[in-house]
Amino acid sequence: MSSAVSHASRSVLLWLLLLPLLPACSLIPAQQQALEGFPPGALEQARRQSAELDRLRELDIATPMEQQQIKKLHSSLQQFERDVIRAASQLEQQDDWHGAEQILLRATGALPDSRILGSAQQQLEERRQLREELVRMELAIHRGEQLLKDAKAYQRLQQLKGPGLLTSLELNLYQHKCRKSAEELQYYAQRALERQDYSLARRGLQIAQRLYGDDYQADDIERDLAQANRQLRQAKRQPAKASFDNRAVVELQQALDTGDLLSARQRLNRLLQRSPRHPQLLSLQAQFRTQLNARVETAIRRGNELYSRSDIDGALDVWREARTLDPDNAELQASIARAEKLLQNLRALSTSSNSEI
């Protein structure tokens, strides 16, 4: 009996000793994930609404009340997407890239089929990579400039100590660092040329050229420097940047961040008219086209589902709304024409039947 009690005591003691080593998650219930700046349970609510919307869309025939519920859920989820993108954009503007990424990641986890959120997540990653590349190039430039400053110090060291093994090793190490720094700067300068950032490319190439020294024949640096200088001279001959409509850019970006594509299209057309050479125009056009394609594809798919359930009016509402965003979309035009023709035939058939009665 005493042996059993002793064994039990040792077990309890061992448990107490191991207790602090156990992970906290094994003792404390996991907290529900939350979105910064959103009410508690916003993610779970979006997840439930999405599941309910999918259920209603799978119905063979939806009652008028169910159709109204579908529209309400769809509108609510669209607003959630816009709010998430706006919140992520605000964090990005504060340089909280991790926070912006987490918001989009969690929202996409709740709505994995959302093309708008998926597109926003991809665009954020592209912008983050670009920002990281710019920071790394600035660091490379700083290191290169520091090595150039050290050149005189190494010359004085050689004068003080004279030729010798130690001095030679130190100089070889310094020259190796210069070569590596120049190669790194060349790489980032090439990337800058690809995105047409000619001023930054020239700065990096000039430092790389000095790091290589006179003994190194770098024809590629000369070629890239000539390209950067040529483009910069052309830019000087263009209208001053003051003529760019920067306010329109800000308003357009805000419209894209909130998913207001109708307003975004209007502001994009205005920017094209006023500042056709604005440096951000191509990027904004790409953002608009990505969001537009996702929105229209969703509308076409949703309209097809309604059409297959004989909800012709509902399909037309969805397609016509999408047409306001993309009036030149051939697939939308064909779908609308087909549905309108079918309704016309049905009305004619109904009128004929009533007249016969």
# chains A, B, ... in the order shown; residues from 1 in each chain; ligands from 1
>>> residues_around(residues="region 57-69 of chain A", least_positions_apart="6", cutoff="9 Å", atoms="only C-alpha atoms", output="list in words")
Arg302, Glu305, Leu306, Ser308, Arg309, Ser310, Asp311 and Gly314 of chain A
>>> write_last_selection(atoms="N, CA and C atoms", output="JSON list (two decimals), in the first residue's frame")
[["chain", "number", "residue", "atom", "x", "y", "z"],
["A", 302, "ARG", "N", -22.11, 33.56, -61.90],
["A", 302, "ARG", "CA", -23.34, 33.66, -61.11],
["A", 302, "ARG", "C", -24.57, 33.77, -62.01],
["A", 305, "GLU", "N", -25.48, 30.43, -63.43],
["A", 305, "GLU", "CA", -26.15, 29.57, -62.45],
["A", 305, "GLU", "C", -27.64, 29.92, -62.36],
["A", 306, "LEU", "N", -27.93, 31.22, -62.30],
["A", 306, "LEU", "CA", -29.33, 31.65, -62.24],
["A", 306, "LEU", "C", -30.08, 31.29, -63.52],
["A", 308, "SER", "N", -29.47, 28.82, -65.53],
["A", 308, "SER", "CA", -29.72, 27.37, -65.59],
["A", 308, "SER", "C", -30.87, 26.95, -64.68],
["A", 309, "ARG", "N", -31.20, 27.80, -63.70],
["A", 309, "ARG", "CA", -32.33, 27.51, -62.81],
["A", 309, "ARG", "C", -33.60, 28.19, -63.29],
["A", 310, "SER", "N", -33.56, 28.71, -64.51],
["A", 310, "SER", "CA", -34.70, 29.40, -65.14],
["A", 310, "SER", "C", -35.02, 30.74, -64.49],
["A", 311, "ASP", "N", -34.08, 31.28, -63.71],
["A", 311, "ASP", "CA", -34.25, 32.62, -63.14],
["A", 311, "ASP", "C", -33.64, 33.62, -64.13],
["A", 314, "GLY", "N", -33.22, 37.25, -62.82],
["A", 314, "GLY", "CA", -32.09, 37.35, -61.90],
["A", 314, "GLY", "C", -30.76, 37.34, -62.64]]
>>> residues_around(residues="Leu271 (chain A)", least_positions_apart="6", cutoff="10 Å", atoms="only C-alpha atoms", output="MDAnalysis selection string")
chainID A and resid 244:249 252 265 277:278 281
>>> closest_atom_pairs(of="region 107-168 of chain A", to="region 87-96 of chain A", cutoff="10 Å", atoms="only C-alpha atoms", output="Markdown table")
| residue | atom | partner | partner_atom | distance |
| --- | --- | --- | --- | --- |
| A:Ala120 | CA | A:Ala88 | CA | 9.1 |
| A:Gln121 | CA | A:Ala88 | CA | 9.4 |
| A:Leu124 | CA | A:Glu92 | CA | 8.5 |
| A:Arg127 | CA | A:Glu92 | CA | 9.6 |
| A:Arg128 | CA | A:Glu92 | CA | 9.0 |
>>> write_last_selection(atoms="N, CA and C atoms", output="PDB file, in the first residue's frame")
ATOM      1  N   ALA A 120      -5.847  40.863 -54.380  1.00  0.00           N
ATOM      2  CA  ALA A 120      -5.258  41.869 -53.486  1.00  0.00           C
ATOM      3  C   ALA A 120      -4.045  41.309 -52.754  1.00  0.00           C
ATOM      4  N   GLN A 121      -4.130  40.045 -52.360  1.00  0.00           N
ATOM      5  CA  GLN A 121      -3.009  39.406 -51.671  1.00  0.00           C
ATOM      6  C   GLN A 121      -1.798  39.291 -52.594  1.00  0.00           C
ATOM      7  N   LEU A 124      -0.295  42.767 -53.134  1.00  0.00           N
ATOM      8  CA  LEU A 124       0.455  43.193 -51.951  1.00  0.00           C
ATOM      9  C   LEU A 124       1.826  42.529 -51.924  1.00  0.00           C
ATOM     10  N   ARG A 127       4.094  44.213 -54.406  1.00  0.00           N
ATOM     11  CA  ARG A 127       4.572  45.517 -53.917  1.00  0.00           C
ATOM     12  C   ARG A 127       5.576  45.333 -52.784  1.00  0.00           C
ATOM     13  N   ARG A 128       5.356  44.339 -51.941  1.00  0.00           N
ATOM     14  CA  ARG A 128       6.299  44.083 -50.850  1.00  0.00           C
ATOM     15  C   ARG A 128       7.657  43.659 -51.395  1.00  0.00           C
TER      16      ARG A 128
END
>>> closest_residue(among="A:Gly118, A:Tyr198, A:Gln280, A:Leu316", to="Ala337 (chain A)", atoms="only C-alpha atoms")
A:Leu316
>>> residues_around(residues="region 224-236 of chain A", least_positions_apart="5", cutoff="10 Å", atoms="only C-alpha atoms", output="ChimeraX atom specification")
/A:186,189-190,192-193,196-206,209,219,241
>>> closest_residue(among="A:Pro112, A:Leu282, A:Ile221, A:Arg156", to="Tyr187 (chain A)", atoms="only C-alpha atoms")
A:Ile221
>>> closest_residue(among="A:Ala339, A:Ala286, A:Leu272, A:Ala322", to="Tyr307 (chain A)", atoms="only C-alpha atoms")
A:Ala339
